[in-house]
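**Q** So that we are looking at the same thing, I have put the structure below in structure tokens.
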Protein chains: 4
Amino acid sequence: MANKIRVTVWGENVHEHKNEKVAANYPKGMHGCIADGLLEDPAFEVTVATLDMPEHGLTDEILANTDVMTWWGHMAHDKVDDAIVAKVKKRVLEGMGLIVLHSGHYSKIFRSLMGTTCSLVWREADELERIWICNPGHPIVKGIEGPYFEIPMEEMYGEPFGIPEPNETVMIGHFEGGNVFRSGCVFLRGNGTIFYFQPGHETYPIYHHETVKLVLKNAVKYVAPRGTLWKDDCPNVPEDQAPVKISKK
Amino acid sequence: MANKIRVTVWGENVHEHKNEKVAANYPKGMHGCIADGLLEDPAFEVTVATLDMPEHGLTDEILANTDVMTWWGHMAHDKVDDAIVAKVKKRVLEGMGLIVLHSGHYSKIFRSLMGTTCSLVWREADELERIWICNPGHPIVKGIEGPYFEIPMEEMYGEPFGIPEPNETVMIGHFEGGNVFRSGCVFLRGNGTIFYFQPGHETYPIYHHETVKLVLKNAVKYVAPRGTLWKDDCPNVPEDQAPVKISKK
Amino acid sequence: MANKIRVTVWGENVHEHKNEKVAANYPKGMHGCIADGLLEDPAFEVTVATLDMPEHGLTDEILANTDVMTWWGHMAHDKVDDAIVAKVKKRVLEGMGLIVLHSGHYSKIFRSLMGTTCSLVWREADELERIWICNPGHPIVKGIEGPYFEIPMEEMYGEPFGIPEPNETVMIGHFEGGNVFRSGCVFLRGNGTIFYFQPGHETYPIYHHETVKLVLKNAVKYVAPRGTLWKDDCPNVPEDQAPVKISKK
Amino acid sequence: MANKIRVTVWGENVHEHKNEKVAANYPKGMHGCIADGLLEDPAFEVTVATLDMPEHGLTDEILANTDVMTWWGHMAHDKVDDAIVAKVKKRVLEGMGLIVLHSGHYSKIFRSLMGTTCSLVWREADELERIWICNPGHPIVKGIEGPYFEIPMEEMYGEPFGIPEPNETVMIGHFEGGNVFRSGCVFLRGNGTIFYFQPGHETYPIYHHETVKLVLKNAVKYVAPRGTLWKDDCPNVPEDQAPVKISKK
């Protein structure tokens, strides 16, 4: 890891060009807004990458120089190349941090890392989401005042959420219509840390929300590589390298 | 679940036709031997399915009528059809039990459910494996006398084993050459229970081993569906079905 | 385990004698009501035990013949004898199931098994609790129609709930005043299964609620001992019993 | 957290005065040796505290100014004052890191945080321990060359180890006599991180071992407080502070 945490903000960048509301919320794209939020912290170096770039902007060089990736996608999940997903996954398992946002619950990368459906129930009805904090001392919620924060309008995501039991349930959200959801969850996979964060429906200006921006900045630090890389290749260890002398029978 | 636990024993059935030693160990195929071991328990109804059958023997009807599947594969992992793997995975997440054996650690179904590399280190050197029990009261080890059991010759599988932290570490194995391995692990995924069990290299008669047979019989009961099925479809819940009255803003 | 599951329903039995509302809700005591609910299932044999009995009704004989214990306590947690708590804990770690109810979150037995504060936020304000199901196929929710059930009036319990990450988060509750809570959680400890279930404030008739009764019946089956007992005594294994020959250096 | 990580090395300091071999291994006490090892890293500020000091050296002021505590105890576990244990536990749940060493598996503080027996099998026979690494990229093993390290002579600790499933199984040890043990485990409890590390029998000079010293230095950094403190008091939240307006019925 370099002195700065090198973040690659990946955005699908499709809704922005098809929906006026999204374009109005995010003149620089959702990825641009997320990147700007992170850049408030001088500890980060931020690159953006989008679906329409060659290799979706995730070349081997970019991947090798990314400490933390954030991922927002929705309507074009199936347009993401399987080979790129495999490369991103390899990097996460080696130690790169990954932050999966909102509809990214159904992205290839998240489903592939979780191994489960990652399904949920949903509704678009301009609902208030109130997000409660399950560990007020957790690094991801550092600086949030009080036991919860609110997002004035959000798409409802509700349980059952088809994830493996998280390593840490950091936040639970509640929606105006009555549903609840594990809105902030940490998973360890291989040598990588993954944070799933619910907020971010494209038709609301959620990535401009100060607390959401704060959570993202905290989360980047939390999921950043902590040790060295786990370079894995399922090696054969021949007899003469066994710590105890053995011989075939 | 029917009165009997309906088990489908899936076998790759390739080594048996290419290697005389394997053919000699398993005249009815490895799957045949595993099935015979399970049939010692009258509580089970057992079907075998192999790679060379149409749909690998895993038709929709067979899948719908399977409570527990056991999976052994090795040299032909990549010959297993992705669409069949997806169906098996769907059934596991709905509630079907899955027992993954030995080199099945690298099967598409196991890797897909774990989300990690499932990698390990390995060596073929006729080593004794001594498998220690981490919870002597666990249903999977019921009937085993003493704190460990031994397999006279086994392929070495060693740490690091690229799995998510198990829900239950039931057994840890040690090999003559010095390596250790989490040889018996339970994972919950969706509504299904998965048991990974290390023993079973094809060139040794391991599925004839009485304790291995006992573990498999116990494991079938342990991973068998416990509740009802979780039929998932990521449903939209329209406004008028929200428990609290809401309206778009 | 005998043919029937032998349940001991433990009740503090203090509020019933101090508060008219509680006495009116529970003429046979809260424990009596819980026991009656369980007795609807002929698979259970049910005994009640209360704080005021000799040894709190938890004699060695009763403990040795209990498969599952349910625990409700509140104002007299500190009146429970530490030696009795130690015996109950020993039995749970050996394999006895334990269901901890409502204010039992602060009981000596629950805190001692969790190792954490088991703290929460709370409010008595006649609030509706809506309890959402996180795995609709889970045995504990078998028979519940729909994605949630409601308790018309309940004391609010809210996050942060000071528990270790559960092995299974089965239910999440939401309260009328806006708070959320992990209302149904499974923990594995030693060889025992523990289920914490939020509902049950003494001033409301919650243990008469049909869905609550159903959950309790399901939970008894779920936490019932699955294997054999884990009788633990931290044994010394002398040199001549080591599987590999060793000698002091 | 101050600029330096403030470590308090707690030692029982009894064997050192009763056993010549221990005194010879550790002229400054075991705690003195552990402290010296940590002081090789200028990022740490180290204090020692022992059983025989007033309040066992763990005054409120010391506790309030400790980021990470290491704990070695054995023959005098029951001499540690329950009230001091409660204070240490409170600090761990608030966010202080804790490293529990060797026979500390049976200390009041570790058993109290785990909630289980923390039992194991053991033997004193001068056995080689070979400790394998389960995640070669983990911060705790940073700088260790190769897949394992060896301790020439150690007391055998073997499975079954009566702990809850760890959040991270970092190392598994194997002993010359054949036993295996989860020798390096991470647990999250409340807002604190706990690392249990097997090596350290008093009659061998294990805390002079370079790799053991390296692991301890790494572990201090790993368990150091990451966020802010979780100051918990199970607060009542009155009606007028509920985010949604409610009134008693």
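Quick note on naming: the chains in the structure tokens go A, B, ... in the order shown, residues restart at 1 in each chain, and ligands are numbered from 1 in order of appearance.
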Mind listing the strand (DSSP E) residues of range 108-227 of chain C, per DSSP on the backbone, as a PDB file with N, CA and C atoms, in the first residue's frame?
**A**
```
ATOM      1  N   VAL C 121     -30.966  -0.380  24.293  1.00  0.00           N
ATOM      2  CA  VAL C 121     -31.747   0.780  24.741  1.00  0.00           C
ATOM      3  C   VAL C 121     -33.203   0.334  24.865  1.00  0.00           C
ATOM      4  N   TRP C 122     -33.958   1.012  25.699  1.00  0.00           N
ATOM      5  CA  TRP C 122     -35.307   0.518  25.988  1.00  0.00           C
ATOM      6  C   TRP C 122     -36.267   1.650  26.335  1.00  0.00           C
ATOM      7  N   ARG C 123     -37.553   1.341  26.215  1.00  0.00           N
ATOM      8  CA  ARG C 123     -38.609   2.332  26.498  1.00  0.00           C
ATOM      9  C   ARG C 123     -39.920   1.573  26.692  1.00  0.00           C
ATOM     10  N   GLU C 124     -40.669   1.966  27.687  1.00  0.00           N
ATOM     11  CA  GLU C 124     -41.987   1.354  27.922  1.00  0.00           C
ATOM     12  C   GLU C 124     -43.055   2.304  27.437  1.00  0.00           C
ATOM     13  N   ALA C 125     -43.613   2.053  26.262  1.00  0.00           N
ATOM     14  CA  ALA C 125     -44.581   3.000  25.712  1.00  0.00           C
ATOM     15  C   ALA C 125     -45.633   2.315  24.846  1.00  0.00           C
ATOM     16  N   ASP C 126     -45.967   1.079  25.180  1.00  0.00           N
ATOM     17  CA  ASP C 126     -47.078   0.397  24.484  1.00  0.00           C
ATOM     18  C   ASP C 126     -46.897   0.373  22.974  1.00  0.00           C
ATOM     19  N   GLU C 127     -45.669   0.120  22.523  1.00  0.00           N
ATOM     20  CA  GLU C 127     -45.416   0.202  21.079  1.00  0.00           C
ATOM     21  C   GLU C 127     -45.687  -1.110  20.351  1.00  0.00           C
ATOM     22  N   LEU C 128     -46.227  -0.993  19.163  1.00  0.00           N
ATOM     23  CA  LEU C 128     -46.292  -2.119  18.249  1.00  0.00           C
ATOM     24  C   LEU C 128     -44.865  -2.563  17.910  1.00  0.00           C
ATOM     25  N   GLU C 129     -44.622  -3.887  17.975  1.00  0.00           N
ATOM     26  CA  GLU C 129     -43.374  -4.428  17.410  1.00  0.00           C
ATOM     27  C   GLU C 129     -43.727  -5.258  16.187  1.00  0.00           C
ATOM     28  N   ARG C 130     -43.019  -4.962  15.100  1.00  0.00           N
ATOM     29  CA  ARG C 130     -43.187  -5.747  13.873  1.00  0.00           C
ATOM     30  C   ARG C 130     -41.901  -6.533  13.692  1.00  0.00           C
ATOM     31  N   ILE C 131     -42.015  -7.853  13.694  1.00  0.00           N
ATOM     32  CA  ILE C 131     -40.816  -8.692  13.654  1.00  0.00           C
ATOM     33  C   ILE C 131     -40.682  -9.322  12.269  1.00  0.00           C
ATOM     34  N   TRP C 132     -39.584  -8.974  11.597  1.00  0.00           N
ATOM     35  CA  TRP C 132     -39.326  -9.442  10.241  1.00  0.00           C
ATOM     36  C   TRP C 132     -38.449 -10.687  10.269  1.00  0.00           C
ATOM     37  N   ILE C 133     -38.671 -11.541   9.299  1.00  0.00           N
ATOM     38  CA  ILE C 133     -37.989 -12.833   9.227  1.00  0.00           C
ATOM     39  C   ILE C 133     -36.840 -12.744   8.224  1.00  0.00           C
ATOM     40  N   TYR C 148     -43.550 -11.143   8.084  1.00  0.00           N
ATOM     41  CA  TYR C 148     -43.383 -10.583   9.444  1.00  0.00           C
ATOM     42  C   TYR C 148     -44.584 -10.958  10.288  1.00  0.00           C
ATOM     43  N   PHE C 149     -44.453 -10.746  11.580  1.00  0.00           N
ATOM     44  CA  PHE C 149     -45.628 -10.840  12.457  1.00  0.00           C
ATOM     45  C   PHE C 149     -45.559  -9.662  13.423  1.00  0.00           C
ATOM     46  N   GLU C 150     -46.699  -9.359  14.014  1.00  0.00           N
ATOM     47  CA  GLU C 150     -46.769  -8.166  14.848  1.00  0.00           C
ATOM     48  C   GLU C 150     -47.185  -8.498  16.276  1.00  0.00           C
ATOM     49  N   ILE C 151     -46.616  -7.758  17.201  1.00  0.00           N
ATOM     50  CA  ILE C 151     -47.028  -7.835  18.597  1.00  0.00           C
ATOM     51  C   ILE C 151     -47.605  -6.474  18.927  1.00  0.00           C
ATOM     52  N   PRO C 152     -48.896  -6.435  19.261  1.00  0.00           N
ATOM     53  CA  PRO C 152     -49.589  -5.136  19.344  1.00  0.00           C
ATOM     54  C   PRO C 152     -48.950  -4.148  20.322  1.00  0.00           C
ATOM     55  N   MET C 153     -48.529  -4.640  21.492  1.00  0.00           N
ATOM     56  CA  MET C 153     -47.859  -3.733  22.436  1.00  0.00           C
ATOM     57  C   MET C 153     -46.680  -4.474  23.059  1.00  0.00           C
ATOM     58  N   GLU C 154     -45.536  -3.824  23.033  1.00  0.00           N
ATOM     59  CA  GLU C 154     -44.327  -4.425  23.591  1.00  0.00           C
ATOM     60  C   GLU C 154     -43.415  -3.308  24.095  1.00  0.00           C
ATOM     61  N   GLU C 155     -42.622  -3.630  25.090  1.00  0.00           N
ATOM     62  CA  GLU C 155     -41.569  -2.710  25.509  1.00  0.00           C
ATOM     63  C   GLU C 155     -40.575  -2.597  24.350  1.00  0.00           C
ATOM     64  N   MET C 156     -40.112  -1.387  24.079  1.00  0.00           N
ATOM     65  CA  MET C 156     -39.120  -1.227  23.027  1.00  0.00           C
ATOM     66  C   MET C 156     -37.751  -1.684  23.519  1.00  0.00           C
ATOM     67  N   TYR C 157     -37.102  -2.527  22.722  1.00  0.00           N
ATOM     68  CA  TYR C 157     -35.689  -2.862  22.894  1.00  0.00           C
ATOM     69  C   TYR C 157     -35.009  -2.438  21.598  1.00  0.00           C
ATOM     70  N   GLY C 158     -33.926  -1.668  21.711  1.00  0.00           N
ATOM     71  CA  GLY C 158     -33.316  -1.159  20.482  1.00  0.00           C
ATOM     72  C   GLY C 158     -31.815  -1.362  20.433  1.00  0.00           C
ATOM     73  N   GLU C 168     -26.678 -17.058  13.680  1.00  0.00           N
ATOM     74  CA  GLU C 168     -27.777 -16.845  12.735  1.00  0.00           C
ATOM     75  C   GLU C 168     -28.641 -15.704  13.252  1.00  0.00           C
ATOM     76  N   THR C 169     -28.808 -14.692  12.414  1.00  0.00           N
ATOM     77  CA  THR C 169     -29.772 -13.631  12.701  1.00  0.00           C
ATOM     78  C   THR C 169     -31.086 -14.056  12.051  1.00  0.00           C
ATOM     79  N   VAL C 170     -32.027 -14.485  12.865  1.00  0.00           N
ATOM     80  CA  VAL C 170     -33.255 -15.084  12.328  1.00  0.00           C
ATOM     81  C   VAL C 170     -34.363 -14.050  12.167  1.00  0.00           C
ATOM     82  N   MET C 171     -34.404 -13.077  13.065  1.00  0.00           N
ATOM     83  CA  MET C 171     -35.471 -12.070  13.034  1.00  0.00           C
ATOM     84  C   MET C 171     -34.913 -10.715  13.442  1.00  0.00           C
ATOM     85  N   ILE C 172     -35.471  -9.668  12.818  1.00  0.00           N
ATOM     86  CA  ILE C 172     -35.164  -8.297  13.220  1.00  0.00           C
ATOM     87  C   ILE C 172     -36.479  -7.589  13.499  1.00  0.00           C
ATOM     88  N   GLY C 173     -36.572  -6.973  14.669  1.00  0.00           N
ATOM     89  CA  GLY C 173     -37.804  -6.301  15.041  1.00  0.00           C
ATOM     90  C   GLY C 173     -37.713  -4.807  14.819  1.00  0.00           C
ATOM     91  N   HIS C 174     -38.887  -4.208  14.596  1.00  0.00           N
ATOM     92  CA  HIS C 174     -38.972  -2.763  14.496  1.00  0.00           C
ATOM     93  C   HIS C 174     -40.098  -2.285  15.403  1.00  0.00           C
ATOM     94  N   PHE C 175     -39.889  -1.163  16.085  1.00  0.00           N
ATOM     95  CA  PHE C 175     -40.859  -0.651  17.033  1.00  0.00           C
ATOM     96  C   PHE C 175     -41.482   0.631  16.523  1.00  0.00           C
ATOM     97  N   VAL C 180     -34.950  -0.264  15.990  1.00  0.00           N
ATOM     98  CA  VAL C 180     -34.833  -1.631  15.455  1.00  0.00           C
ATOM     99  C   VAL C 180     -34.003  -2.476  16.425  1.00  0.00           C
ATOM    100  N   PHE C 181     -34.142  -3.803  16.297  1.00  0.00           N
ATOM    101  CA  PHE C 181     -33.491  -4.706  17.258  1.00  0.00           C
ATOM    102  C   PHE C 181     -33.383  -6.106  16.650  1.00  0.00           C
ATOM    103  N   ARG C 182     -32.249  -6.755  16.927  1.00  0.00           N
ATOM    104  CA  ARG C 182     -32.101  -8.144  16.492  1.00  0.00           C
ATOM    105  C   ARG C 182     -32.903  -9.036  17.442  1.00  0.00           C
ATOM    106  N   SER C 183     -34.181  -9.221  17.105  1.00  0.00           N
ATOM    107  CA  SER C 183     -35.142  -9.821  18.041  1.00  0.00           C
ATOM    108  C   SER C 183     -35.078 -11.339  18.108  1.00  0.00           C
ATOM    109  N   GLY C 184     -34.435 -11.980  17.151  1.00  0.00           N
ATOM    110  CA  GLY C 184     -34.309 -13.439  17.191  1.00  0.00           C
ATOM    111  C   GLY C 184     -32.937 -13.850  16.694  1.00  0.00           C
ATOM    112  N   CYS C 185     -32.113 -14.370  17.602  1.00  0.00           N
ATOM    113  CA  CYS C 185     -30.714 -14.674  17.278  1.00  0.00           C
ATOM    114  C   CYS C 185     -30.335 -16.049  17.805  1.00  0.00           C
ATOM    115  N   VAL C 186     -29.568 -16.783  17.006  1.00  0.00           N
ATOM    116  CA  VAL C 186     -29.054 -18.088  17.420  1.00  0.00           C
ATOM    117  C   VAL C 186     -27.547 -17.977  17.670  1.00  0.00           C
ATOM    118  N   PHE C 187     -27.105 -18.590  18.752  1.00  0.00           N
ATOM    119  CA  PHE C 187     -25.680 -18.662  19.099  1.00  0.00           C
ATOM    120  C   PHE C 187     -25.310 -20.117  19.384  1.00  0.00           C
ATOM    121  N   LEU C 188     -24.165 -20.562  18.893  1.00  0.00           N
ATOM    122  CA  LEU C 188     -23.611 -21.856  19.286  1.00  0.00           C
ATOM    123  C   LEU C 188     -22.527 -21.608  20.323  1.00  0.00           C
ATOM    124  N   ARG C 189     -22.595 -22.308  21.435  1.00  0.00           N
ATOM    125  CA  ARG C 189     -21.565 -22.180  22.468  1.00  0.00           C
ATOM    126  C   ARG C 189     -21.287 -23.573  23.022  1.00  0.00           C
ATOM    127  N   GLY C 192     -23.802 -26.539  22.835  1.00  0.00           N
ATOM    128  CA  GLY C 192     -25.196 -26.140  23.030  1.00  0.00           C
ATOM    129  C   GLY C 192     -25.634 -25.067  22.051  1.00  0.00           C
ATOM    130  N   THR C 193     -26.928 -25.037  21.807  1.00  0.00           N
ATOM    131  CA  THR C 193     -27.516 -24.008  20.947  1.00  0.00           C
ATOM    132  C   THR C 193     -28.361 -23.087  21.822  1.00  0.00           C
ATOM    133  N   ILE C 194     -28.207 -21.786  21.601  1.00  0.00           N
ATOM    134  CA  ILE C 194     -28.896 -20.768  22.397  1.00  0.00           C
ATOM    135  C   ILE C 194     -29.733 -19.927  21.446  1.00  0.00           C
ATOM    136  N   PHE C 195     -30.988 -19.691  21.822  1.00  0.00           N
ATOM    137  CA  PHE C 195     -31.834 -18.797  21.026  1.00  0.00           C
ATOM    138  C   PHE C 195     -32.295 -17.661  21.916  1.00  0.00           C
ATOM    139  N   TYR C 196     -31.980 -16.439  21.497  1.00  0.00           N
ATOM    140  CA  TYR C 196     -32.509 -15.281  22.205  1.00  0.00           C
ATOM    141  C   TYR C 196     -33.711 -14.761  21.428  1.00  0.00           C
ATOM    142  N   PHE C 197     -34.815 -14.490  22.166  1.00  0.00           N
ATOM    143  CA  PHE C 197     -36.057 -14.044  21.529  1.00  0.00           C
ATOM    144  C   PHE C 197     -36.579 -12.845  22.313  1.00  0.00           C
TER     145      PHE C 197
END
```
**Q** For chain C, report every residue with an atom at most 10 Å from chain B (counting only C-alpha atoms), formatted as a ChimeraX atom specification.
**A** /C:93-95,130,134-143,148,167-168,188,190-192,218,222,225-232,243
**Q** Output the selection as a short mmCIF file (atom, residue, chain, number, x, y, z; two decimals), in the first residue's frame - N, CA and C atoms for each residue.
**A**
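Below is the file that was written, result.cif:
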```cif
data_model
loop_
_atom_site.label_atom_id
_atom_site.label_comp_id
_atom_site.auth_asym_id
_atom_site.auth_seq_id
_atom_site.Cartn_x
_atom_site.Cartn_y
_atom_site.Cartn_z
N LEU C 93 -23.17 -25.84 27.76
CA LEU C 93 -21.93 -26.12 27.02
C LEU C 93 -21.80 -27.60 26.70
N GLU C 94 -22.39 -28.44 27.54
CA GLU C 94 -22.41 -29.88 27.25
C GLU C 94 -23.36 -30.24 26.12
N GLY C 95 -24.40 -29.43 25.95
CA GLY C 95 -25.32 -29.74 24.85
C GLY C 95 -26.77 -29.40 25.08
N ARG C 130 -43.02 -4.96 15.10
CA ARG C 130 -43.19 -5.75 13.87
C ARG C 130 -41.90 -6.53 13.69
N CYS C 134 -35.63 -13.11 8.66
CA CYS C 134 -34.45 -12.99 7.81
C CYS C 134 -34.18 -14.25 6.98
N ASN C 135 -34.77 -15.37 7.37
CA ASN C 135 -34.69 -16.60 6.57
C ASN C 135 -36.03 -17.30 6.65
N PRO C 136 -36.85 -17.13 5.62
CA PRO C 136 -38.22 -17.67 5.69
C PRO C 136 -38.29 -19.20 5.73
N GLY C 137 -37.18 -19.87 5.46
CA GLY C 137 -37.18 -21.33 5.53
C GLY C 137 -36.65 -21.86 6.86
N HIS C 138 -36.29 -20.97 7.78
CA HIS C 138 -35.67 -21.41 9.03
C HIS C 138 -36.66 -22.19 9.90
N PRO C 139 -36.19 -23.27 10.54
CA PRO C 139 -37.08 -24.07 11.38
C PRO C 139 -37.78 -23.26 12.47
N ILE C 140 -37.15 -22.20 12.95
CA ILE C 140 -37.74 -21.44 14.05
C ILE C 140 -38.97 -20.65 13.61
N VAL C 141 -39.08 -20.37 12.31
CA VAL C 141 -40.23 -19.59 11.83
C VAL C 141 -41.22 -20.45 11.04
N LYS C 142 -41.03 -21.75 11.11
CA LYS C 142 -41.91 -22.67 10.37
C LYS C 142 -43.37 -22.44 10.76
N GLY C 143 -44.19 -22.26 9.76
CA GLY C 143 -45.62 -22.11 10.01
C GLY C 143 -46.08 -20.67 10.12
N TYR C 148 -43.55 -11.14 8.08
CA TYR C 148 -43.38 -10.58 9.44
C TYR C 148 -44.58 -10.96 10.29
N ASN C 167 -24.62 -16.48 15.35
CA ASN C 167 -24.39 -17.49 14.31
C ASN C 167 -25.48 -17.41 13.26
N GLU C 168 -26.68 -17.06 13.68
CA GLU C 168 -27.78 -16.85 12.73
C GLU C 168 -28.64 -15.70 13.25
N LEU C 188 -24.16 -20.56 18.89
CA LEU C 188 -23.61 -21.86 19.29
C LEU C 188 -22.53 -21.61 20.32
N GLY C 190 -20.01 -23.98 22.97
CA GLY C 190 -19.69 -25.35 23.34
C GLY C 190 -20.49 -26.27 22.43
N ASN C 191 -21.21 -27.19 23.03
CA ASN C 191 -22.04 -28.11 22.25
C ASN C 191 -23.52 -27.74 22.35
N GLY C 192 -23.80 -26.54 22.83
CA GLY C 192 -25.20 -26.14 23.03
C GLY C 192 -25.63 -25.07 22.05
N ASN C 218 -41.27 -24.07 17.99
CA ASN C 218 -40.24 -24.33 16.96
C ASN C 218 -38.83 -24.25 17.56
N TYR C 222 -35.52 -26.66 17.73
CA TYR C 222 -34.28 -26.25 17.06
C TYR C 222 -33.07 -26.32 17.99
N PRO C 225 -30.84 -30.88 22.01
CA PRO C 225 -29.52 -31.50 21.78
C PRO C 225 -29.56 -32.34 20.51
N ARG C 226 -28.49 -32.18 19.72
CA ARG C 226 -28.47 -32.84 18.42
C ARG C 226 -27.54 -34.04 18.42
N GLY C 227 -26.51 -33.99 19.20
CA GLY C 227 -25.55 -35.09 19.18
C GLY C 227 -25.54 -35.79 20.52
N THR C 228 -24.37 -36.00 21.05
CA THR C 228 -24.22 -36.53 22.39
C THR C 228 -23.73 -35.39 23.27
N LEU C 229 -23.38 -35.66 24.50
CA LEU C 229 -22.91 -34.59 25.37
C LEU C 229 -21.40 -34.39 25.21
N TRP C 230 -20.95 -33.17 25.45
CA TRP C 230 -19.52 -32.87 25.49
C TRP C 230 -19.14 -32.71 26.97
N LYS C 231 -18.69 -33.82 27.55
CA LYS C 231 -18.29 -33.79 28.96
C LYS C 231 -16.84 -33.37 29.01
N ASP C 232 -16.60 -32.22 29.58
CA ASP C 232 -15.28 -31.62 29.47
C ASP C 232 -14.59 -31.56 30.82
N PRO C 243 -0.45 -40.15 20.36
CA PRO C 243 -0.48 -41.04 19.20
C PRO C 243 0.88 -41.24 18.55
#
```
**Q** If I take CA of Val100 in chain D and CA of Ala64 in chain D, how far is one from the other in Å, to one decimal?
**A**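 So the two atoms, CA of Val100 in chain D and CA of Ala64 in chain D, lie 19.1 Å apart.
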**Q** Tell me which protein, DNA and RNA residues are within 8 Å of Tyr204 in chain D, counting only C-alpha atoms, leaving out same-chain ones fewer than 2 positions away, and put them as a list in words.
**A**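 Contacts, with the query itself left out: Val22, Asn25, Met153, Glu154, Gly200, His201, Glu202 and Ile206 of chain D.
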**Q** With N, CA and C atoms retained, write the just-selected residues as a PDB file, in the first residue's frame.
**A**
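Output saved as out-v7.pdb:
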```pdb
ATOM      1  N   VAL D  22      12.273 -21.305  35.373  1.00  0.00           N
ATOM      2  CA  VAL D  22      11.552 -20.116  34.922  1.00  0.00           C
ATOM      3  C   VAL D  22      12.362 -18.853  35.252  1.00  0.00           C
ATOM      4  N   ASN D  25      15.150 -18.600  32.773  1.00  0.00           N
ATOM      5  CA  ASN D  25      14.678 -18.155  31.450  1.00  0.00           C
ATOM      6  C   ASN D  25      14.362 -16.655  31.462  1.00  0.00           C
ATOM      7  N   MET D 153      10.561 -26.411  21.857  1.00  0.00           N
ATOM      8  CA  MET D 153       9.932 -27.171  22.936  1.00  0.00           C
ATOM      9  C   MET D 153       8.780 -26.357  23.502  1.00  0.00           C
ATOM     10  N   GLU D 154       7.633 -26.989  23.607  1.00  0.00           N
ATOM     11  CA  GLU D 154       6.447 -26.303  24.126  1.00  0.00           C
ATOM     12  C   GLU D 154       5.557 -27.348  24.813  1.00  0.00           C
ATOM     13  N   GLY D 200       3.979 -20.186  24.927  1.00  0.00           N
ATOM     14  CA  GLY D 200       4.423 -19.508  26.126  1.00  0.00           C
ATOM     15  C   GLY D 200       4.463 -20.286  27.422  1.00  0.00           C
ATOM     16  N   HIS D 201       4.788 -21.598  27.369  1.00  0.00           N
ATOM     17  CA  HIS D 201       4.910 -22.327  28.631  1.00  0.00           C
ATOM     18  C   HIS D 201       6.134 -21.804  29.389  1.00  0.00           C
ATOM     19  N   GLU D 202       5.960 -21.639  30.689  1.00  0.00           N
ATOM     20  CA  GLU D 202       6.936 -20.899  31.498  1.00  0.00           C
ATOM     21  C   GLU D 202       8.311 -21.560  31.582  1.00  0.00           C
ATOM     22  N   ILE D 206      10.296 -19.220  25.595  1.00  0.00           N
ATOM     23  CA  ILE D 206       9.526 -18.973  24.369  1.00  0.00           C
ATOM     24  C   ILE D 206       9.382 -17.489  24.034  1.00  0.00           C
TER      25      ILE D 206
END
```
**Q** Mind checking which residues fall within 8 Å of Glu16 in chain A, counting only C-alpha atoms, ignoring those fewer than 5 positions away in the same chain, and posting them as a compact mmCIF listing (two decimals) with N, CA and C atoms, in the first residue's frame?
**A**
```
# COMPACT_ATOMS: atom_id res chain seq x y z
N VAL A 22 -31.60 11.49 -12.59
CA VAL A 22 -30.27 11.03 -12.20
C VAL A 22 -29.20 12.00 -12.72
N ALA A 23 -29.38 12.40 -13.96
CA ALA A 23 -28.42 13.35 -14.55
C ALA A 23 -28.39 14.65 -13.75
N TYR A 26 -26.63 14.13 -10.44
CA TYR A 26 -25.22 13.79 -10.57
C TYR A 26 -24.62 14.26 -11.89
N GLY A 29 -21.78 12.39 -12.93
CA GLY A 29 -22.01 10.96 -12.76
C GLY A 29 -22.04 10.60 -11.29
N MET A 30 -22.68 9.48 -10.96
CA MET A 30 -22.71 9.04 -9.57
C MET A 30 -21.28 8.78 -9.09
```
**Q** Counting only C-alpha atoms, what is within 8 Å of His74 in chain B, bar same-chain residues fewer than 6 positions away, as an mmCIF file with C-alpha atoms, in the first residue's frame?
**A**
```cif
data_model
loop_
_atom_site.group_PDB
_atom_site.id
_atom_site.type_symbol
_atom_site.label_atom_id
_atom_site.label_comp_id
_atom_site.auth_asym_id
_atom_site.auth_seq_id
_atom_site.Cartn_x
_atom_site.Cartn_y
_atom_site.Cartn_z
ATOM 1 C CA GLU B 12 -17.396 -37.601 -11.476
ATOM 2 C CA SER B 103 -10.992 -32.719 -4.245
ATOM 3 C CA GLY B 104 -14.514 -31.314 -4.469
ATOM 4 C CA TYR B 106 -12.152 -27.112 -6.236
ATOM 5 C CA SER B 107 -15.513 -28.012 -7.753
#
```
**Q** Return the single residue from A:Ile144, A:Leu38, A:Val80, A:Val244 that is closest to Met53 in chain A, with distances computed using only C-alpha atoms.
**A**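 Between A:Ile144, A:Leu38, A:Val80, A:Val244, the residue approaching Met53 in chain A most closely is A:Val80.
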**Q** Would you mind writing down, as a list in words, each residue of range 109-243 of chain A that DSSP on the backbone assigns to helix (DSSP H, G or I)?
**A** Ile109, Phe110, Arg111, Ser112, Leu113, Met114, Pro139, Ile140, Val141, Ile206, Tyr207, His208, Glu210, Thr211, Val212, Lys213, Leu214, Val215, Leu216, Lys217, Asn218, Ala219, Val220, Lys221, Tyr222, Val223, Glu239, Asp240 and Gln241 of chain A
